[in-house]
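**Student:** Sharing work.json here; it has JSON, C-alpha atoms.
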[["chain", "number", "residue", "atom", "x", "y", "z"],
["A", 1, "MET", "CA", -7.23, -44.80, 20.96],
["A", 2, "ARG", "CA", -7.71, -41.43, 22.65],
["A", 3, "VAL", "CA", -7.16, -38.25, 20.66],
["A", 4, "GLY", "CA", -4.39, -36.01, 22.05],
["A", 5, "LEU", "CA", -4.92, -32.43, 23.16],
["A", 6, "VAL", "CA", -3.92, -31.03, 19.76],
["A", 7, "GLY", "CA", -6.54, -33.24, 18.16],
["A", 8, "LYS", "CA", -9.17, -32.15, 20.64],
["A", 9, "LEU", "CA", -8.46, -28.48, 20.08],
["A", 10, "GLY", "CA", -8.40, -29.01, 16.33],
["A", 11, "VAL", "CA", -11.85, -30.56, 16.39],
["A", 12, "LEU", "CA", -13.11, -27.75, 18.62],
["A", 13, "ILE", "CA", -11.73, -25.09, 16.29],
["A", 14, "VAL", "CA", -13.35, -26.71, 13.27],
["A", 15, "ILE", "CA", -16.68, -26.94, 15.09],
["A", 16, "SER", "CA", -16.50, -23.37, 16.39],
["A", 17, "LEU", "CA", -15.58, -21.92, 13.00],
["A", 18, "ALA", "CA", -18.34, -23.86, 11.35],
["A", 19, "LEU", "CA", -20.97, -22.84, 13.88],
["A", 20, "PHE", "CA", -20.16, -19.16, 14.05],
["A", 21, "SER", "CA", -19.04, -18.39, 10.48],
["A", 22, "CYS", "CA", -21.94, -19.91, 8.59],
["A", 23, "SER", "CA", -24.26, -17.23, 7.27],
["A", 24, "LYS", "CA", -27.30, -19.47, 6.84],
["A", 25, "ASP", "CA", -29.23, -21.13, 9.66],
["A", 26, "THR", "CA", -29.71, -24.18, 7.44],
["A", 27, "GLU", "CA", -25.92, -24.65, 7.23],
["A", 28, "VAL", "CA", -25.53, -24.49, 11.00],
["A", 29, "GLN", "CA", -28.52, -26.78, 11.45],
["A", 30, "GLY", "CA", -26.83, -29.35, 9.22],
["A", 31, "ILE", "CA", -23.66, -29.15, 11.31],
["A", 32, "CYS", "CA", -25.62, -29.65, 14.53],
["A", 33, "MET", "CA", -27.46, -32.62, 13.03],
["A", 34, "GLY", "CA", -24.13, -34.17, 12.11],
["A", 35, "LEU", "CA", -22.85, -33.60, 15.64],
["A", 36, "GLN", "CA", -26.00, -35.24, 17.00],
["A", 37, "GLY", "CA", -25.16, -38.35, 15.01],
["A", 38, "LEU", "CA", -21.61, -38.41, 16.36],
["A", 39, "ALA", "CA", -22.80, -37.77, 19.92],
["A", 40, "ASP", "CA", -25.33, -40.61, 19.71],
["A", 41, "GLN", "CA", -22.44, -42.90, 18.74],
["A", 42, "GLY", "CA", -20.54, -41.91, 21.88],
["A", 43, "ASP", "CA", -18.02, -39.56, 20.24],
["A", 44, "GLU", "CA", -16.81, -37.03, 22.83],
["A", 45, "HIS", "CA", -16.18, -34.34, 20.22],
["A", 46, "GLY", "CA", -19.68, -34.76, 18.87],
["A", 47, "MET", "CA", -21.01, -34.45, 22.42],
["A", 48, "LEU", "CA", -18.95, -31.30, 22.98],
["A", 49, "GLY", "CA", -20.04, -29.74, 19.70],
["A", 50, "LEU", "CA", -23.69, -30.61, 20.28],
["A", 51, "GLY", "CA", -23.46, -28.99, 23.70],
["A", 52, "ASP", "CA", -22.14, -25.88, 21.93],
["A", 53, "CYS", "CA", -25.12, -25.96, 19.55],
["A", 54, "TYR", "CA", -27.63, -26.07, 22.39],
["A", 55, "ARG", "CA", -25.74, -23.49, 24.43],
["A", 56, "SER", "CA", -25.49, -20.97, 21.57],
["A", 57, "GLY", "CA", -28.90, -21.60, 20.03],
["A", 58, "LYS", "CA", -27.35, -21.54, 16.57],
["A", 59, "GLY", "CA", -28.95, -23.99, 14.16],
["A", 60, "ILE", "CA", -31.05, -25.46, 16.96],
["A", 61, "ASP", "CA", -33.36, -24.20, 19.68],
["A", 62, "GLN", "CA", -31.32, -22.87, 22.60],
["A", 63, "ASP", "CA", -31.62, -25.28, 25.51],
["A", 64, "LEU", "CA", -29.18, -24.95, 28.42],
["A", 65, "ASP", "CA", -30.40, -28.18, 30.01],
["A", 66, "ASN", "CA", -29.52, -30.11, 26.87],
["A", 67, "ALA", "CA", -26.20, -28.27, 26.63],
["A", 68, "ILE", "CA", -25.40, -29.36, 30.18],
["A", 69, "TYR", "CA", -26.47, -32.93, 29.42],
["A", 70, "TRP", "CA", -24.09, -33.27, 26.46],
["A", 71, "TYR", "CA", -21.24, -31.46, 28.19],
["A", 72, "GLU", "CA", -21.64, -33.86, 31.11],
["A", 73, "LYS", "CA", -21.50, -36.81, 28.71],
["A", 74, "ALA", "CA", -18.28, -35.48, 27.17],
["A", 75, "ALA", "CA", -16.85, -34.66, 30.62],
["A", 76, "GLU", "CA", -17.42, -38.28, 31.64],
["A", 77, "LYS", "CA", -14.98, -39.13, 28.85],
["A", 78, "SER", "CA", -12.44, -36.74, 30.43],
["A", 79, "ASN", "CA", -12.96, -34.01, 27.83],
["A", 80, "SER", "CA", -11.30, -30.95, 29.39],
["A", 81, "ILE", "CA", -13.15, -28.38, 27.28],
["A", 82, "ALA", "CA", -16.51, -29.87, 28.26],
["A", 83, "LYS", "CA", -15.50, -29.69, 31.93],
["A", 84, "HIS", "CA", -14.53, -26.05, 31.46],
["A", 85, "ASN", "CA", -17.81, -25.21, 29.73],
["A", 86, "LEU", "CA", -19.85, -26.95, 32.41],
["A", 87, "ALA", "CA", -18.06, -25.09, 35.18],
["A", 88, "ASN", "CA", -18.60, -21.74, 33.51],
["A", 89, "ILE", "CA", -22.30, -22.43, 33.01],
["A", 90, "TYR", "CA", -22.70, -23.29, 36.71],
["A", 91, "LEU", "CA", -20.71, -20.24, 37.80],
["A", 92, "PHE", "CA", -21.45, -17.45, 35.40],
["A", 93, "GLU", "CA", -24.63, -18.34, 33.52],
["A", 94, "LEU", "CA", -26.72, -20.10, 36.18],
["A", 95, "ASN", "CA", -24.93, -18.63, 39.23],
["A", 96, "ASP", "CA", -25.82, -21.94, 40.93],
["A", 97, "GLU", "CA", -24.14, -21.74, 44.33],
["A", 98, "ALA", "CA", -25.07, -25.35, 45.07],
["A", 99, "ARG", "CA", -22.74, -26.40, 42.25],
["A", 100, "PHE", "CA", -19.87, -24.00, 42.89],
["A", 101, "ASP", "CA", -17.73, -26.70, 44.55],
["A", 102, "GLU", "CA", -18.32, -29.00, 41.59],
["A", 103, "ALA", "CA", -17.44, -26.16, 39.21],
["A", 104, "VAL", "CA", -14.13, -25.51, 40.98],
["A", 105, "ARG", "CA", -13.32, -29.22, 40.82],
["A", 106, "LEU", "CA", -14.09, -29.33, 37.08],
["A", 107, "LEU", "CA", -11.87, -26.33, 36.40],
["A", 108, "GLU", "CA", -9.02, -27.80, 38.42],
["A", 109, "GLU", "CA", -9.31, -31.04, 36.43],
["A", 110, "ALA", "CA", -9.43, -29.20, 33.10],
["A", 111, "ALA", "CA", -6.68, -26.64, 33.79],
["A", 112, "PRO", "CA", -3.62, -28.84, 33.03],
["A", 113, "GLU", "CA", -4.87, -29.35, 29.46],
["A", 114, "TYR", "CA", -7.00, -26.25, 28.85],
["A", 115, "PRO", "CA", -5.50, -22.81, 29.71],
["A", 116, "PRO", "CA", -8.85, -20.94, 29.87],
["A", 117, "SER", "CA", -9.65, -23.00, 32.98],
["A", 118, "ASN", "CA", -6.70, -21.41, 34.78],
["A", 119, "PHE", "CA", -8.09, -18.02, 33.77],
["A", 120, "SER", "CA", -11.51, -18.95, 35.19],
["A", 121, "LEU", "CA", -9.86, -20.15, 38.41],
["A", 122, "GLY", "CA", -8.11, -16.79, 38.60],
["A", 123, "VAL", "CA", -11.46, -15.02, 38.27],
["A", 124, "LEU", "CA", -12.90, -17.17, 41.07],
["A", 125, "HIS", "CA", -10.01, -16.37, 43.41],
["A", 126, "LEU", "CA", -10.20, -12.69, 42.50],
["A", 127, "ASN", "CA", -13.86, -12.62, 43.58],
["A", 128, "SER", "CA", -13.87, -15.36, 46.26],
["A", 129, "ILE", "CA", -16.48, -17.28, 44.27],
["A", 130, "GLY", "CA", -16.55, -20.90, 45.38],
["A", 131, "VAL", "CA", -13.22, -20.44, 47.17],
["A", 132, "LYS", "CA", -11.95, -18.48, 50.15],
["A", 133, "ALA", "CA", -9.26, -16.24, 48.72],
["A", 134, "LYS", "CA", -7.78, -12.78, 48.43],
["A", 135, "PRO", "CA", -7.31, -11.03, 45.08],
["A", 136, "VAL", "CA", -3.56, -11.67, 45.19],
["A", 137, "ASP", "CA", -4.33, -15.42, 45.17],
["A", 138, "ALA", "CA", -5.61, -15.04, 41.62],
["A", 139, "VAL", "CA", -2.19, -14.10, 40.27],
["A", 140, "PRO", "CA", -0.67, -17.63, 40.02],
["A", 141, "PHE", "CA", -3.67, -18.85, 38.01],
["A", 142, "PHE", "CA", -3.50, -15.90, 35.63],
["A", 143, "VAL", "CA", 0.25, -16.50, 35.26],
["A", 144, "LYS", "CA", -0.29, -20.17, 34.34],
["A", 145, "ALA", "CA", -2.84, -19.19, 31.70],
["A", 146, "SER", "CA", -0.67, -16.37, 30.35],
["A", 147, "GLU", "CA", 2.29, -18.73, 29.99],
["A", 148, "ARG", "CA", 0.17, -20.53, 27.41],
["A", 149, "ASN", "CA", -0.72, -17.29, 25.62],
["A", 150, "HIS", "CA", -4.14, -16.68, 27.18],
["A", 151, "GLU", "CA", -4.66, -13.04, 26.27],
["A", 152, "GLY", "CA", -7.33, -12.37, 28.88],
["A", 153, "ALA", "CA", -5.03, -13.58, 31.64],
["A", 154, "MET", "CA", -2.30, -11.28, 30.35],
["A", 155, "PHE", "CA", -4.67, -8.33, 30.46],
["A", 156, "ALA", "CA", -5.69, -9.20, 34.03],
["A", 157, "LEU", "CA", -2.01, -9.35, 35.04],
["A", 158, "PHE", "CA", -1.32, -6.08, 33.24],
["A", 159, "MET", "CA", -4.03, -4.35, 35.28],
["A", 160, "MET", "CA", -3.06, -5.96, 38.58],
["A", 161, "HIS", "CA", 0.63, -5.11, 38.23],
["A", 162, "CYS", "CA", 0.03, -1.58, 36.94],
["A", 163, "SER", "CA", -2.48, -0.53, 39.61],
["A", 164, "ASP", "CA", -2.71, -1.21, 43.35],
["A", 165, "ALA", "CA", -6.51, -1.39, 43.16],
["A", 166, "TRP", "CA", -6.49, -5.16, 43.72],
["A", 167, "GLY", "CA", -4.06, -5.13, 46.63],
["A", 168, "VAL", "CA", -1.18, -6.40, 44.50],
["A", 169, "LYS", "CA", 2.02, -4.39, 44.79],
["A", 170, "VAL", "CA", 2.64, -2.33, 41.66],
["A", 171, "ASN", "CA", 5.46, -3.82, 39.61],
["A", 172, "GLU", "CA", 6.49, -1.59, 36.72],
["A", 173, "ALA", "CA", 8.61, -4.31, 35.09],
["A", 174, "HIS", "CA", 5.71, -6.77, 35.00],
["A", 175, "CYS", "CA", 3.36, -3.97, 33.94],
["A", 176, "SER", "CA", 5.55, -3.22, 30.93],
["A", 177, "GLU", "CA", 6.10, -6.93, 30.21],
["A", 178, "TYR", "CA", 2.40, -7.75, 29.92],
["A", 179, "LYS", "CA", 1.66, -4.61, 27.93],
["A", 180, "THR", "CA", 4.33, -5.65, 25.41],
["A", 181, "LYS", "CA", 2.96, -9.21, 25.24],
["A", 182, "LEU", "CA", -0.59, -7.97, 24.66],
["A", 183, "ILE", "CA", 0.52, -5.76, 21.79],
["A", 184, "SER", "CA", 2.53, -8.62, 20.28],
["A", 185, "LEU", "CA", -0.41, -11.05, 20.44],
["A", 186, "SER", "CA", -2.71, -8.45, 18.93],
["A", 187, "GLN", "CA", -0.30, -7.95, 16.04],
["A", 188, "GLN", "CA", 0.04, -11.69, 15.50],
["A", 189, "ALA", "CA", -3.75, -11.96, 15.32],
["A", 190, "GLY", "CA", -3.86, -9.22, 12.70],
["A", 191, "ARG", "CA", -5.63, -6.72, 14.97],
["A", 192, "GLY", "CA", -2.83, -4.14, 14.98],
["A", 193, "ALA", "CA", -0.73, -2.64, 17.75],
["A", 194, "ASP", "CA", -3.04, 0.13, 18.98],
["A", 195, "PHE", "CA", -2.96, -0.42, 22.75],
["A", 196, "LYS", "CA", -5.88, 1.96, 23.29],
["A", 197, "THR", "CA", -8.07, -0.35, 21.19],
["A", 198, "ILE", "CA", -6.88, -3.44, 23.11],
["A", 199, "VAL", "CA", -7.62, -1.86, 26.50],
["A", 200, "THR", "CA", -11.01, -0.51, 25.41],
["A", 201, "GLU", "CA", -12.15, -3.88, 24.07],
["A", 202, "TYR", "CA", -11.24, -5.73, 27.26],
["A", 203, "PHE", "CA", -12.61, -2.98, 29.48],
["A", 204, "SER", "CA", -16.01, -3.23, 27.81],
["A", 205, "SER", "CA", -16.21, -7.05, 27.75],
["A", 206, "GLU", "CA", -18.73, -8.60, 30.12],
["A", 207, "ILE", "CA", -16.39, -10.99, 31.93],
["A", 208, "PHE", "CA", -13.93, -8.19, 32.72],
["A", 209, "SER", "CA", -16.47, -5.53, 33.61],
["A", 210, "ARG", "CA", -18.37, -7.90, 35.93],
["A", 211, "PHE", "CA", -15.66, -10.02, 37.50],
["A", 212, "VAL", "CA", -12.25, -8.40, 37.04],
["A", 213, "ILE", "CA", -12.49, -4.63, 36.78],
["A", 214, "ARG", "CA", -15.57, -4.13, 39.01],
["A", 215, "ASP", "CA", -15.15, -0.33, 39.05],
["A", 216, "LYS", "CA", -11.73, -0.67, 40.67],
["A", 217, "VAL", "CA", -9.95, 1.27, 37.96],
["A", 218, "SER", "CA", -11.11, 3.62, 35.23],
["A", 219, "LEU", "CA", -10.56, 3.22, 31.51],
["A", 220, "GLU", "CA", -8.87, 6.63, 31.48],
["A", 221, "ALA", "CA", -6.37, 5.48, 34.14],
["A", 222, "LEU", "CA", -5.46, 2.36, 32.16],
["A", 223, "LEU", "CA", -5.02, 4.30, 28.93],
["A", 224, "LYS", "CA", -2.43, 6.53, 30.61],
["A", 225, "ILE", "CA", -0.17, 3.57, 31.43]]
Any chance you could put this one into structure tokens?
**Tutor:**
Amino acid sequence: MRVGLVGKLGVLIVISLALFSCSKDTEVQGICMGLQGLADQGDEHGMLGLGDCYRSGKGIDQDLDNAIYWYEKAAEKSNSIAKHNLANIYLFELNDEARFDEAVRLLEEAAPEYPPSNFSLGVLHLNSIGVKAKPVDAVPFFVKASERNHEGAMFALFMMHCSDAWGVKVNEAHCSEYKTKLISLSQQAGRGADFKTIVTEYFSSEIFSRFVIRDKVSLEALLKI
């Protein structure tokens, strides 16, 4: 019997917390060895987790080829998160133009179950990577992700509705709406309600600086909103 989306995400959360919260390499190595056993038995969550081990290099030698191999195995079992990870490796880590079409297809398949894939599709449309699009075409994808509480998508929409730098008409109501949602999510996560901190963190993150902001708007301008 297939595990539902909640089960998939639960397994992913457990794996992620285990991999990135362990203070000792031996502990992480033990987790990765356990995932290897599950993956060898054909378990899609084991395959996904083992791909994460190889991709991160935690508890095991970093090996992107092996990460891709296990993500592909999990994707063959229709694992949406594995499809998402594969697509992002092809697009943003390898920058493999020969696989851009495949990456777009993987994200489109994953998006109905996994909101971050809609965010990635928004980034692609914003930059015309693998698709022919205008920045405004990114908005529907960011909206879909934000409707499922994807914070990065909300920040992208906040910027695009508060500034005309992306060719989207300024909408003060939407600007205020997404600012309020970002503050609320930050409070719920225990990070406080300081909007300056929220903006600064996103502004300095690699995905936003490289693929969303791209020198179109300054940090000072956003902090004045």
**Student:** Suppose you want the space between atom CA of Cys162 of chain A and atom CA of Ser128 of chain A; what is it in Å?
**Tutor:** 21.7 Å
**Student:** Suppose you want the space between atom CA of Leu126 of chain A and atom CA of Ser218 of chain A; what is it in Å?
**Tutor:** 17.9 Å
**Student:** For Ala98 of chain A, work out the shell of residues within 12 Å, counting all atoms listed in the file and skipping chain neighbours fewer than 6 positions away, then give it as a ChimeraX atom specification.
**Tutor:** /A:90-91,104,129-130
**Student:** Would you save the residues from that selection as a PDB file, in the coordinates of the input, using C-alpha atoms?
**Tutor:**
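Output file result_33.pdb is given in full below:
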ATOM      1  CA  TYR A  90     -22.700 -23.290  36.710  1.00  0.00           C
ATOM      2  CA  LEU A  91     -20.710 -20.240  37.800  1.00  0.00           C
ATOM      3  CA  VAL A 104     -14.130 -25.510  40.980  1.00  0.00           C
ATOM      4  CA  ILE A 129     -16.480 -17.280  44.270  1.00  0.00           C
ATOM      5  CA  GLY A 130     -16.550 -20.900  45.380  1.00  0.00           C
TER       6      GLY A 130
END
**Student:** Distance atom CA of Ser146 of chain A-atom CA of Leu219 of chain A, one decimal place?
**Tutor:**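 Separation of atom CA of Ser146 of chain A and atom CA of Leu219 of chain A: 22.0 Å.
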**Student:** Have a look at A:Thr197, A:Arg191, A:Val136, A:Glu206 and name the one nearest to Val168 of chain A; count all atoms listed in the file.
**Tutor:**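 So, comparing all the options, the nearest one is A:Val136.
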**Student:** Using all atoms listed in the file for the distances, tell me which of A:Val217, A:Leu182, A:Ala74, A:Leu86 is nearest to Ala153 of chain A.
**Tutor:** A:Leu182
**Student:** Considering all atoms listed in the file, state which residue in the set A:Glu151, A:Lys134, A:Glu102, A:Glu97 is at the smallest distance from Pro116 of chain A.
**Tutor:** A:Glu151
**Student:** Show me the residues close to (-11.2, -1.0, 27.5) - anything with an atom within 12 Å, counting only C-alpha atoms - and format the list as a count of residues only.
**Tutor:** 27
**Student:** Counting all atoms listed in the file, which residue out of A:Ile31, A:Ala82, A:Ala173, A:Val212 sits closest to Gly122 of chain A?
**Tutor:**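 Closest to Gly122 of chain A of all the choices is A:Val212.
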